[in-house]
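Asker: So that you have it, the file is data-v5.cif, and it contains mmCIF, C-alpha atoms:
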```cif
data_protein
#
loop_
_atom_site.label_atom_id
_atom_site.label_comp_id
_atom_site.auth_asym_id
_atom_site.auth_seq_id
_atom_site.Cartn_x
_atom_site.Cartn_y
_atom_site.Cartn_z
CA MET N 682 5.91 11.59 19.13
CA LYS N 683 4.95 7.99 18.49
CA SER N 684 6.85 5.89 15.98
CA ILE N 685 5.06 3.95 13.28
CA ARG N 686 4.37 0.37 14.40
CA LYS N 687 1.31 -0.64 12.38
CA ALA N 688 0.51 -0.82 8.68
CA VAL N 689 -2.71 -1.26 6.73
CA ILE N 690 -2.85 -2.88 3.29
CA PRO N 691 -6.21 -2.45 1.47
CA ALA N 692 -6.84 -5.48 -0.75
CA ALA N 693 -10.59 -5.69 -1.25
CA GLY N 694 -10.84 -4.66 -4.91
CA PHE N 695 -12.20 -7.00 -7.56
CA GLY N 696 -9.28 -6.72 -9.99
CA THR N 697 -11.57 -6.40 -13.00
CA ARG N 698 -8.72 -5.26 -15.26
CA PHE N 699 -7.22 -8.75 -15.00
CA LEU N 700 -10.32 -10.83 -15.71
CA PRO N 701 -10.63 -13.73 -16.28
CA ALA N 702 -7.43 -14.45 -14.29
CA THR N 703 -8.92 -12.78 -11.19
CA LYS N 704 -12.36 -14.39 -11.33
CA ALA N 705 -11.40 -16.93 -8.66
CA GLN N 706 -7.93 -15.69 -7.65
CA PRO N 707 -7.20 -12.39 -5.88
CA LYS N 708 -5.22 -10.00 -8.08
CA GLU N 709 -2.89 -9.46 -5.09
CA LEU N 710 -1.71 -13.08 -5.41
CA LEU N 711 -0.84 -12.89 -9.10
CA PRO N 712 2.84 -13.87 -9.23
CA ILE N 713 5.72 -11.52 -9.94
CA GLY N 714 8.21 -14.19 -10.89
CA ASP N 715 7.65 -16.90 -8.29
CA THR N 716 6.37 -14.56 -5.56
CA PRO N 717 2.82 -13.19 -5.16
CA ALA N 718 2.60 -9.42 -5.55
CA MET N 719 1.17 -9.01 -2.03
CA GLN N 720 4.23 -10.67 -0.53
CA TYR N 721 6.47 -7.89 -1.84
CA ILE N 722 4.24 -5.31 -0.12
CA VAL N 723 4.31 -7.21 3.17
CA LYS N 724 8.10 -7.60 2.94
CA GLU N 725 8.51 -3.85 2.42
CA ALA N 726 6.49 -3.18 5.58
CA LEU N 727 8.52 -5.67 7.62
CA ASP N 728 11.84 -4.42 6.25
CA SER N 729 10.79 -0.90 7.30
CA GLY N 730 10.31 -1.99 10.91
CA ILE N 731 6.53 -2.43 10.97
CA GLU N 732 5.46 -4.76 13.81
CA GLU N 733 1.82 -5.49 12.95
CA ILE N 734 -0.03 -5.56 9.64
CA LEU N 735 -3.75 -5.43 8.91
CA ILE N 736 -4.90 -6.54 5.46
CA ILE N 737 -8.35 -5.34 4.41
CA THR N 738 -9.94 -8.06 2.30
CA GLY N 739 -13.34 -8.84 0.78
CA ARG N 740 -15.38 -12.01 0.70
CA SER N 741 -13.62 -13.24 -2.45
CA LYS N 742 -10.14 -12.83 -0.96
CA ARG N 743 -9.90 -15.80 1.40
CA ALA N 744 -6.86 -17.06 -0.51
CA ILE N 745 -4.82 -14.12 0.82
CA GLU N 746 -5.47 -15.29 4.38
CA ASP N 747 -4.55 -18.86 3.41
CA HIS N 748 -1.29 -17.68 1.83
CA PHE N 749 -0.06 -16.16 5.11
CA ASP N 750 -1.45 -18.99 7.27
CA SER N 751 0.36 -22.16 8.35
CA SER N 752 -0.15 -25.32 6.29
CA VAL N 753 0.58 -28.41 8.39
CA GLU N 754 0.11 -30.89 5.54
CA LEU N 755 2.40 -28.96 3.18
CA GLU N 756 5.05 -28.52 5.86
CA GLU N 757 5.01 -32.25 6.66
CA LEU N 758 5.30 -33.13 2.97
CA LEU N 759 8.24 -30.78 2.39
CA GLN N 760 9.98 -32.12 5.48
CA LYS N 761 9.57 -35.73 4.33
CA GLN N 762 10.92 -34.85 0.89
CA GLY N 763 13.90 -33.03 2.38
CA LYS N 764 12.99 -29.76 0.68
CA ASN N 765 14.35 -27.62 3.49
CA LYS N 766 14.59 -24.38 1.54
CA GLN N 767 10.92 -24.50 0.53
CA LEU N 768 9.96 -25.55 4.06
CA ALA N 769 11.71 -22.50 5.51
CA MET N 770 9.86 -20.24 3.04
CA VAL N 771 6.47 -21.64 4.04
CA LYS N 772 7.20 -21.39 7.76
CA ASP N 773 8.48 -17.82 7.45
CA LEU N 774 5.19 -16.77 5.84
CA ALA N 775 3.18 -18.26 8.70
CA ASP N 776 5.35 -16.48 11.30
CA ILE N 777 4.44 -12.99 10.07
CA LYS N 778 2.05 -11.19 12.45
CA ILE N 779 -0.82 -10.35 10.11
CA HIS N 780 -4.44 -9.58 10.97
CA PHE N 781 -7.39 -9.58 8.57
CA ILE N 782 -10.71 -7.79 8.41
CA ARG N 783 -13.29 -7.67 5.63
CA GLN N 784 -14.62 -4.60 3.92
CA LYS N 785 -18.30 -5.50 3.71
CA SER N 786 -18.87 -3.80 0.36
CA PRO N 787 -16.59 -2.06 -2.16
CA ARG N 788 -17.16 1.52 -1.00
CA GLY N 789 -13.76 2.94 -1.86
CA LEU N 790 -10.26 3.34 -0.44
CA GLY N 791 -11.40 5.74 2.26
CA ASP N 792 -13.93 3.24 3.55
CA ALA N 793 -11.32 0.49 3.49
CA VAL N 794 -8.96 2.57 5.64
CA LEU N 795 -11.84 3.32 8.01
CA CYS N 796 -12.19 -0.44 8.59
CA ALA N 797 -8.83 -0.26 10.39
CA LYS N 798 -9.98 2.17 13.10
CA ALA N 799 -10.22 -0.35 15.96
CA PHE N 800 -6.91 -1.97 14.97
CA ILE N 801 -5.00 1.31 14.84
CA GLY N 802 -6.40 3.04 17.93
CA ASP N 803 -4.72 6.40 18.56
CA GLU N 804 -1.43 5.73 16.76
CA PRO N 805 -0.03 7.12 13.52
CA PHE N 806 0.09 4.36 10.93
CA ALA N 807 1.17 3.42 7.43
CA VAL N 808 -0.97 2.56 4.42
CA LEU N 809 0.50 0.60 1.52
CA LEU N 810 -1.63 0.07 -1.57
CA GLY N 811 -1.47 -3.51 -2.78
CA ASP N 812 -1.14 -2.55 -6.46
CA ASP N 813 2.06 -0.56 -6.01
CA ILE N 814 5.40 -2.35 -5.73
CA VAL N 815 8.42 -0.11 -5.21
CA TYR N 816 11.88 -1.55 -5.83
CA ASN N 817 14.66 0.00 -3.77
CA PRO N 818 17.27 -2.48 -2.46
CA GLU N 819 18.99 0.18 -0.32
CA LYS N 820 16.09 1.67 1.65
CA PRO N 821 12.46 0.47 1.43
CA CYS N 822 9.98 3.06 0.23
CA LEU N 823 7.97 2.97 3.47
CA GLN N 824 11.14 3.41 5.53
CA GLN N 825 11.79 6.64 3.63
CA LEU N 826 8.34 7.93 4.61
CA MET N 827 8.83 6.85 8.22
CA ASP N 828 12.16 8.69 8.38
CA CYS N 829 10.45 11.78 6.98
CA TYR N 830 7.75 11.48 9.68
CA GLU N 831 10.43 11.60 12.39
CA GLN N 832 11.48 15.03 11.06
CA HIS N 833 8.02 16.27 10.06
CA PRO N 834 5.34 14.63 12.23
CA GLY N 835 2.04 14.73 10.41
CA ILE N 836 0.58 13.18 7.31
CA ILE N 837 3.23 12.02 4.83
CA LEU N 838 2.19 11.27 1.26
CA GLY N 839 4.44 9.05 -0.82
CA ALA N 840 4.88 10.64 -4.22
CA GLN N 841 6.98 10.72 -7.36
CA PHE N 842 7.51 13.23 -10.13
CA VAL N 843 5.74 12.14 -13.31
CA PRO N 844 6.00 13.39 -16.91
CA ASN N 845 3.64 16.25 -17.79
CA GLU N 846 1.59 14.02 -20.08
CA LYS N 847 0.87 11.71 -17.11
CA VAL N 848 -0.41 14.26 -14.57
CA SER N 849 -4.01 13.76 -15.67
CA SER N 850 -3.82 10.16 -14.41
CA TYR N 851 -3.02 10.94 -10.77
CA GLY N 852 -3.74 13.06 -7.72
CA ILE N 853 -1.30 15.97 -7.98
CA VAL N 854 0.24 17.90 -5.10
CA SER N 855 -0.28 21.64 -4.72
CA GLY N 856 2.16 23.13 -2.24
CA GLU N 857 5.50 24.73 -1.51
CA PRO N 858 8.84 22.93 -1.87
CA LEU N 859 10.85 22.55 1.35
CA ALA N 860 13.59 20.56 -0.37
CA ASP N 861 14.19 18.97 -3.77
CA ASN N 862 12.17 15.91 -2.71
CA LEU N 863 9.82 17.36 -0.05
CA TYR N 864 6.74 19.57 -0.33
CA ARG N 865 4.47 21.08 2.28
CA VAL N 866 1.05 20.21 0.89
CA HIS N 867 -1.59 22.92 0.56
CA GLY N 868 -4.02 20.84 -1.46
CA LEU N 869 -4.48 17.91 -3.82
CA VAL N 870 -5.89 18.18 -7.32
CA GLU N 871 -7.37 14.93 -8.63
CA LYS N 872 -6.38 14.14 -12.23
CA PRO N 873 -5.92 17.72 -13.51
CA SER N 874 -5.29 18.63 -17.12
CA VAL N 875 -1.69 19.57 -17.93
CA ASP N 876 -2.46 23.28 -18.07
CA LYS N 877 -4.19 23.23 -14.65
CA ALA N 878 -1.79 20.96 -12.79
CA PRO N 879 -0.10 22.82 -9.88
CA SER N 880 2.97 20.56 -10.16
CA ASN N 881 3.99 17.20 -11.59
CA LEU N 882 4.35 15.54 -8.17
CA ALA N 883 1.87 12.66 -8.05
CA VAL N 884 0.68 10.81 -4.93
CA LEU N 885 1.53 7.15 -5.46
CA GLY N 886 0.63 4.27 -3.19
CA ARG N 887 2.22 5.01 0.21
CA TYR N 888 0.95 7.05 3.16
CA ILE N 889 1.70 7.83 6.78
CA LEU N 890 -1.60 8.88 8.36
CA THR N 891 -2.54 10.20 11.79
CA PRO N 892 -5.52 8.73 13.71
CA ASP N 893 -7.66 11.87 13.32
CA ILE N 894 -8.23 10.73 9.72
CA PHE N 895 -10.82 8.24 11.03
CA ASP N 896 -13.16 10.95 12.33
CA ILE N 897 -12.87 12.72 8.98
CA LEU N 898 -13.56 9.54 7.02
CA GLU N 899 -16.67 8.84 9.10
CA ASN N 900 -18.05 12.18 7.91
CA THR N 901 -16.80 12.02 4.33
CA LYS N 902 -19.61 11.56 1.84
CA PRO N 903 -19.14 9.35 -1.22
CA GLY N 904 -17.39 11.18 -4.04
CA VAL N 905 -16.03 10.03 -7.39
CA GLY N 906 -17.52 6.69 -8.40
CA ASN N 907 -19.95 6.94 -5.47
CA GLU N 908 -17.10 5.77 -3.22
CA VAL N 909 -15.58 7.22 -0.06
CA GLN N 910 -12.33 8.72 -1.32
CA LEU N 911 -9.25 8.92 0.90
CA THR N 912 -8.18 11.97 -1.14
CA ASP N 913 -11.31 13.86 -0.01
CA ALA N 914 -10.55 13.08 3.63
CA LEU N 915 -6.94 14.20 3.24
CA ALA N 916 -8.13 17.47 1.71
CA ALA N 917 -10.36 18.06 4.75
CA SER N 918 -7.64 17.27 7.31
CA LYS N 919 -6.16 20.10 9.39
CA THR N 920 -3.03 18.07 10.18
CA ASP N 921 0.24 19.28 8.68
CA THR N 922 0.69 17.35 5.45
CA TYR N 923 3.86 16.71 3.47
CA ALA N 924 4.61 14.96 0.20
CA LEU N 925 7.88 13.05 -0.09
CA ALA N 926 9.21 12.16 -3.51
CA TYR N 927 10.52 8.74 -2.56
CA GLU N 928 13.38 6.98 -4.31
CA GLY N 929 12.79 3.70 -6.10
CA VAL N 930 11.27 2.16 -9.19
CA ARG N 931 7.49 1.93 -8.88
CA TYR N 932 5.44 -0.71 -10.65
CA ASP N 933 1.68 -0.37 -10.91
CA THR N 934 0.77 -4.05 -10.85
CA GLY N 935 -2.93 -3.19 -11.10
CA ASP N 936 -2.23 -2.20 -14.70
CA LYS N 937 -1.43 -4.86 -17.30
CA LEU N 938 1.62 -3.06 -18.69
CA GLY N 939 2.92 -2.26 -15.18
CA TYR N 940 2.43 -5.89 -14.15
CA LEU N 941 4.31 -7.11 -17.24
CA LYS N 942 7.21 -4.71 -16.57
CA ALA N 943 7.43 -5.83 -12.94
CA THR N 944 7.40 -9.50 -13.95
CA VAL N 945 10.17 -9.08 -16.53
CA GLU N 946 12.39 -6.77 -14.49
CA TYR N 947 12.11 -8.75 -11.24
CA ALA N 948 12.90 -11.91 -13.19
CA LEU N 949 15.99 -10.26 -14.67
#
```
Taking this structure as input, can you express it in the form of structure tokens?
Answerer:
Amino acid sequence: MKSIRKAVIPAAGFGTRFLPATKAQPKELLPIGDTPAMQYIVKEALDSGIEEILIITGRSKRAIEDHFDSSVELEELLQKQGKNKQLAMVKDLADIKIHFIRQKSPRGLGDAVLCAKAFIGDEPFAVLLGDDIVYNPEKPCLQQLMDCYEQHPGIILGAQFVPNEKVSSYGIVSGEPLADNLYRVHGLVEKPSVDKAPSNLAVLGRYILTPDIFDILENTKPGVGNEVQLTDALAASKTDTYALAYEGVRYDTGDKLGYLKATVEYAL
């Protein structure tokens, strides 16, 4: 069984919910305190032991590449001014091993993951959605999924239990409980009504996927919103699939209220 070495972070969306702030600035670089949201996602991957990261961008997301690139002029200026702490921060960002590829058109999360096929090869890999920040100072969210994979090799879906009135906003797990926080997944129901929801365990922002998902994605037709949905590919997969209710506080920074909560609570 191969361990998880690589992670993919899709970041090609337009961020229309945050216009006009995201007209010229990627939503992934909106600050949570003094740190761009994307940097928290990258840090989680690194803290979990990930060795290489691929960020899927679009043509309006060049600033993300610049953020994780070296800046000779800035480094020289900080050095001259004796701002050693800031200099170390800038250099640390440039030292992270990150690759970039563009999603040519916004064809959905499934299509974005498919862009990573050549980068991943035949390895299992992690996917972290750029809108979801999970705060857990003891064990990173992705590390929890990776530990679960060691015990249950297959597809691992990061999930959390949500209130009944929220189930219609998420993809909900249908399956059998193996433990208080672990389900064997039989199916996924996308945004069900409360009376039709098979559980209140919602899939939220973190995945461990196996490389066979690429063949499925290549044959997955556009679904909701005329986009290639990762959920549809997961439903078609024959690989053993589990849902882990991870521990941590999740912030949906793609939502204005979630972004505000993250900003206030991280500042505190």
Asker: Using only C-alpha atoms, determine which residues lie at most 12 Å from Pro821 of chain N, disregarding the query and same-chain residues fewer than 2 positions distant; provide the list as a PyMOL selection string.
Answerer: chain N and resi 721-731+809+814-819+823-828+839+887+927-931
Asker: Show me, as a ChimeraX atom specification, the residues that have an atom within 9 Å of Leu735 of chain N when counting all atoms listed in the file, minus same-chain residues fewer than 5 positions from it.
Answerer: /N:687-691,778-782,797,800
Asker: Env of Pro712 of chain N: 12 Å cut, atoms = all atoms listed in the file, seq-sep filter 4 positions within chain, self excluded. Answer as a ChimeraX atom specification.
Answerer: /N:702-703,706-708,716-721,934,940-941,943-945,947-948
Asker: Can you tell me which residues surround Arg783 of chain N at a distance of at most 6 Å, considering all atoms listed in the file, apart from same-chain residues fewer than 5 positions away, and format the answer as a list in words?
Answerer: Ile737, Thr738 and Gly739 of chain N
Asker: Please dump the current selection as a PDB file, keeping the file's coordinate frame; keep C-alpha atoms.
Answerer:
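Contents of the output file part.pdb:
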```pdb
ATOM      1  CA  ILE N 737      -8.350  -5.340   4.410  1.00  0.00           C
ATOM      2  CA  THR N 738      -9.940  -8.060   2.300  1.00  0.00           C
ATOM      3  CA  GLY N 739     -13.340  -8.840   0.780  1.00  0.00           C
TER       4      GLY N 739
END
```
Asker: Pull out every residue that the PyMOL selection byres ((chain N and resi 848) around 8) matches in the shown coordinates and put them as a list in words.
Answerer: Val843, Pro844, Asn845, Glu846, Lys847, Ser849, Ser850, Tyr851, Gly852, Ile853, Lys872, Pro873, Ser874, Val875, Ala878, Asn881 and Ala883 of chain N
Asker: Please evaluate the PyMOL selection byres ((chain N and resi 906-912) around 6) against the structure above and give the resulting residues as a PyMOL selection string.
Answerer: chain N and resi 788-792+903-905+913-915
Asker: Tell me which of N:Glu946, N:Glu709, N:Glu754, N:Asp921 sits closest to His867 of chain N, counting only C-alpha atoms.
Answerer: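 Distance minimum relative to His867 of chain N lands on N:Asp921.
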Asker: Report the distance between atom CA of Lys772 of chain N and atom CA of Ser751 of chain N in Å, rounded to one decimal place.
Answerer: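 Computing it gives 6.9 Å between the two atoms.
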Asker: Name the residues that the PyMOL selection byres ((chain N and resi 919) around 12) picks from the file above, as a ChimeraX atom specification, using the file's chain letters and numbers.
Answerer: /N:835-836,866-868,891,893-894,896-897,914-918,920-922
Asker: Taking only C-alpha atoms into account, name the residue in N:Tyr923, N:Tyr888, N:Phe695, N:Tyr932 that is nearest to Pro787 of chain N.
Answerer: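 Closest to Pro787 of chain N, using only C-alpha atoms: N:Phe695.
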Asker: Smallest atom-to-atom distance to Asp773 of chain N: which of N:Leu938, N:Ile745, N:Lys785, N:Glu756, using all atoms listed in the file?
Answerer: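 Checking each candidate against Asp773 of chain N, we get N:Glu756 as the closest.
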Asker: Quick one: distance from atom CA of Glu871 of chain N to atom CA of Leu885 of chain N in Å, one decimal?
Answerer: 12.2 Å
Asker: Please measure the separation of atom CA of Ile801 of chain N and atom CA of His748 of chain N, giving the value in Å to one decimal.
Answerer: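 So the answer is 23.3 Å.
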Asker: Given the choices N:Val794, N:Asp813, N:Ala924, N:Asp715, which gets closest to Asn862 of chain N if the distance is worked out from all atoms listed in the file?
Answerer: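 For Asn862 of chain N, the nearest of the candidates is N:Ala924.
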Asker: Rank N:Lys937, N:Lys704, N:Arg686, N:Lys942 by their smallest atom-to-atom distance to Ile889 of chain N, using all atoms listed in the file, and report the top residue only.
Answerer: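 Distance minimum relative to Ile889 of chain N lands on N:Arg686.
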Asker: Using all atoms listed in the file, which residues sit within 6 Å of Pro892 of chain N once same-chain residues fewer than 3 positions away are excluded, as a ChimeraX atom specification?
Answerer: /N:803-805,895
Asker: Would you write out those residues with C-alpha atoms, as a PDB file, keeping the file's coordinate frame?
Answerer:
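Writing done, so here's selection_9.pdb:
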```
ATOM      1  CA  ASP N 803      -4.720   6.400  18.560  1.00  0.00           C
ATOM      2  CA  GLU N 804      -1.430   5.730  16.760  1.00  0.00           C
ATOM      3  CA  PRO N 805      -0.030   7.120  13.520  1.00  0.00           C
ATOM      4  CA  PHE N 895     -10.820   8.240  11.030  1.00  0.00           C
TER       5      PHE N 895
END
```
Asker: Which of these, N:Ala692, N:Leu890, N:Leu882, N:Leu949, has the shortest distance to Ile736 of chain N once you count all atoms listed in the file?
Answerer: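 Using all atoms listed in the file, Ile736 of chain N sits closest to N:Ala692.
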Asker: Could I see segment 704-715 of chain N restored to all heavy atoms, set down as a PDB file, in the frame of the given file?
Answerer:
```
ATOM      1  N   LYS N 704     -10.989 -13.967 -11.656  1.00  0.00           N
ATOM      2  CA  LYS N 704     -12.360 -14.390 -11.330  1.00  0.00           C
ATOM      3  C   LYS N 704     -12.402 -15.199 -10.040  1.00  0.00           C
ATOM      4  O   LYS N 704     -13.299 -15.041  -9.210  1.00  0.00           O
ATOM      5  CB  LYS N 704     -12.959 -15.199 -12.481  1.00  0.00           C
ATOM      6  CG  LYS N 704     -14.400 -15.666 -12.231  1.00  0.00           C
ATOM      7  CD  LYS N 704     -14.946 -16.395 -13.436  1.00  0.00           C
ATOM      8  CE  LYS N 704     -16.403 -16.813 -13.193  1.00  0.00           C
ATOM      9  NZ  LYS N 704     -16.510 -17.868 -12.170  1.00  0.00           N
ATOM     10  N   ALA N 705     -11.433 -16.095  -9.849  1.00  0.00           N
ATOM     11  CA  ALA N 705     -11.400 -16.930  -8.660  1.00  0.00           C
ATOM     12  C   ALA N 705     -10.124 -16.744  -7.847  1.00  0.00           C
ATOM     13  O   ALA N 705      -9.975 -17.343  -6.784  1.00  0.00           O
ATOM     14  CB  ALA N 705     -11.542 -18.405  -9.043  1.00  0.00           C
ATOM     15  N   GLN N 706      -9.200 -15.915  -8.341  1.00  0.00           N
ATOM     16  CA  GLN N 706      -7.930 -15.690  -7.650  1.00  0.00           C
ATOM     17  C   GLN N 706      -7.748 -14.198  -7.386  1.00  0.00           C
ATOM     18  O   GLN N 706      -7.909 -13.382  -8.301  1.00  0.00           O
ATOM     19  CB  GLN N 706      -6.760 -16.197  -8.499  1.00  0.00           C
ATOM     20  CG  GLN N 706      -5.397 -15.927  -7.893  1.00  0.00           C
ATOM     21  CD  GLN N 706      -4.262 -16.353  -8.796  1.00  0.00           C
ATOM     22  OE1 GLN N 706      -4.493 -16.811  -9.910  1.00  0.00           O
ATOM     23  NE2 GLN N 706      -3.026 -16.228  -8.343  1.00  0.00           N
ATOM     24  N   PRO N 707      -7.428 -13.807  -6.158  1.00  0.00           N
ATOM     25  CA  PRO N 707      -7.200 -12.390  -5.880  1.00  0.00           C
ATOM     26  C   PRO N 707      -6.073 -11.828  -6.734  1.00  0.00           C
ATOM     27  O   PRO N 707      -5.038 -12.483  -6.921  1.00  0.00           O
ATOM     28  CB  PRO N 707      -6.818 -12.379  -4.389  1.00  0.00           C
ATOM     29  CG  PRO N 707      -7.375 -13.643  -3.834  1.00  0.00           C
ATOM     30  CD  PRO N 707      -7.296 -14.643  -4.949  1.00  0.00           C
ATOM     31  N   LYS N 708      -6.270 -10.615  -7.252  1.00  0.00           N
ATOM     32  CA  LYS N 708      -5.220 -10.000  -8.080  1.00  0.00           C
ATOM     33  C   LYS N 708      -3.933  -9.820  -7.280  1.00  0.00           C
ATOM     34  O   LYS N 708      -2.836  -9.838  -7.845  1.00  0.00           O
ATOM     35  CB  LYS N 708      -5.693  -8.649  -8.604  1.00  0.00           C
ATOM     36  CG  LYS N 708      -5.972  -7.612  -7.521  1.00  0.00           C
ATOM     37  CD  LYS N 708      -6.310  -6.257  -8.096  1.00  0.00           C
ATOM     38  CE  LYS N 708      -6.577  -5.246  -6.981  1.00  0.00           C
ATOM     39  NZ  LYS N 708      -6.798  -3.891  -7.491  1.00  0.00           N
ATOM     40  N   GLU N 709      -4.062  -9.674  -5.940  1.00  0.00           N
ATOM     41  CA  GLU N 709      -2.890  -9.460  -5.090  1.00  0.00           C
ATOM     42  C   GLU N 709      -1.985 -10.694  -5.015  1.00  0.00           C
ATOM     43  O   GLU N 709      -0.839 -10.596  -4.586  1.00  0.00           O
ATOM     44  CB  GLU N 709      -3.317  -9.064  -3.678  1.00  0.00           C
ATOM     45  CG  GLU N 709      -3.984  -7.712  -3.580  1.00  0.00           C
ATOM     46  CD  GLU N 709      -5.472  -7.749  -3.928  1.00  0.00           C
ATOM     47  OE1 GLU N 709      -6.021  -8.864  -4.136  1.00  0.00           O
ATOM     48  OE2 GLU N 709      -6.093  -6.664  -3.992  1.00  0.00           O
ATOM     49  N   LEU N 710      -2.514 -11.854  -5.426  1.00  0.00           N
ATOM     50  CA  LEU N 710      -1.710 -13.080  -5.410  1.00  0.00           C
ATOM     51  C   LEU N 710      -1.192 -13.464  -6.784  1.00  0.00           C
ATOM     52  O   LEU N 710      -0.554 -14.505  -6.941  1.00  0.00           O
ATOM     53  CB  LEU N 710      -2.521 -14.240  -4.819  1.00  0.00           C
ATOM     54  CG  LEU N 710      -2.889 -14.116  -3.337  1.00  0.00           C
ATOM     55  CD1 LEU N 710      -3.567 -15.384  -2.849  1.00  0.00           C
ATOM     56  CD2 LEU N 710      -1.662 -13.806  -2.481  1.00  0.00           C
ATOM     57  N   LEU N 711      -1.448 -12.632  -7.797  1.00  0.00           N
ATOM     58  CA  LEU N 711      -0.840 -12.890  -9.100  1.00  0.00           C
ATOM     59  C   LEU N 711       0.675 -12.831  -8.939  1.00  0.00           C
ATOM     60  O   LEU N 711       1.203 -11.934  -8.279  1.00  0.00           O
ATOM     61  CB  LEU N 711      -1.309 -11.868 -10.131  1.00  0.00           C
ATOM     62  CG  LEU N 711      -2.785 -11.936 -10.524  1.00  0.00           C
ATOM     63  CD1 LEU N 711      -3.129 -10.794 -11.473  1.00  0.00           C
ATOM     64  CD2 LEU N 711      -3.126 -13.276 -11.167  1.00  0.00           C
ATOM     65  N   PRO N 712       1.400 -13.785  -9.503  1.00  0.00           N
ATOM     66  CA  PRO N 712       2.840 -13.870  -9.230  1.00  0.00           C
ATOM     67  C   PRO N 712       3.668 -12.850  -9.998  1.00  0.00           C
ATOM     68  O   PRO N 712       3.408 -12.568 -11.164  1.00  0.00           O
ATOM     69  CB  PRO N 712       3.194 -15.298  -9.663  1.00  0.00           C
ATOM     70  CG  PRO N 712       2.194 -15.611 -10.732  1.00  0.00           C
ATOM     71  CD  PRO N 712       0.921 -14.916 -10.316  1.00  0.00           C
ATOM     72  N   ILE N 713       4.645 -12.287  -9.306  1.00  0.00           N
ATOM     73  CA  ILE N 713       5.720 -11.520  -9.940  1.00  0.00           C
ATOM     74  C   ILE N 713       6.935 -12.433  -9.868  1.00  0.00           C
ATOM     75  O   ILE N 713       7.555 -12.580  -8.823  1.00  0.00           O
ATOM     76  CB  ILE N 713       5.997 -10.197  -9.202  1.00  0.00           C
ATOM     77  CG1 ILE N 713       4.719  -9.369  -9.026  1.00  0.00           C
ATOM     78  CG2 ILE N 713       7.072  -9.405  -9.927  1.00  0.00           C
ATOM     79  CD1 ILE N 713       4.126  -8.845 -10.301  1.00  0.00           C
ATOM     80  N   GLY N 714       7.240 -13.113 -10.957  1.00  0.00           N
ATOM     81  CA  GLY N 714       8.210 -14.190 -10.890  1.00  0.00           C
ATOM     82  C   GLY N 714       7.575 -15.359 -10.152  1.00  0.00           C
ATOM     83  O   GLY N 714       6.513 -15.835 -10.531  1.00  0.00           O
ATOM     84  N   ASP N 715       8.212 -15.791  -9.061  1.00  0.00           N
ATOM     85  CA  ASP N 715       7.650 -16.900  -8.290  1.00  0.00           C
ATOM     86  C   ASP N 715       7.044 -16.432  -6.957  1.00  0.00           C
ATOM     87  O   ASP N 715       6.762 -17.245  -6.079  1.00  0.00           O
ATOM     88  CB  ASP N 715       8.725 -17.965  -8.013  1.00  0.00           C
ATOM     89  CG  ASP N 715       9.912 -17.411  -7.231  1.00  0.00           C
ATOM     90  OD1 ASP N 715       9.921 -16.193  -6.943  1.00  0.00           O
ATOM     91  OD2 ASP N 715      10.834 -18.184  -6.918  1.00  0.00           O
TER      92      ASP N 715
END
```
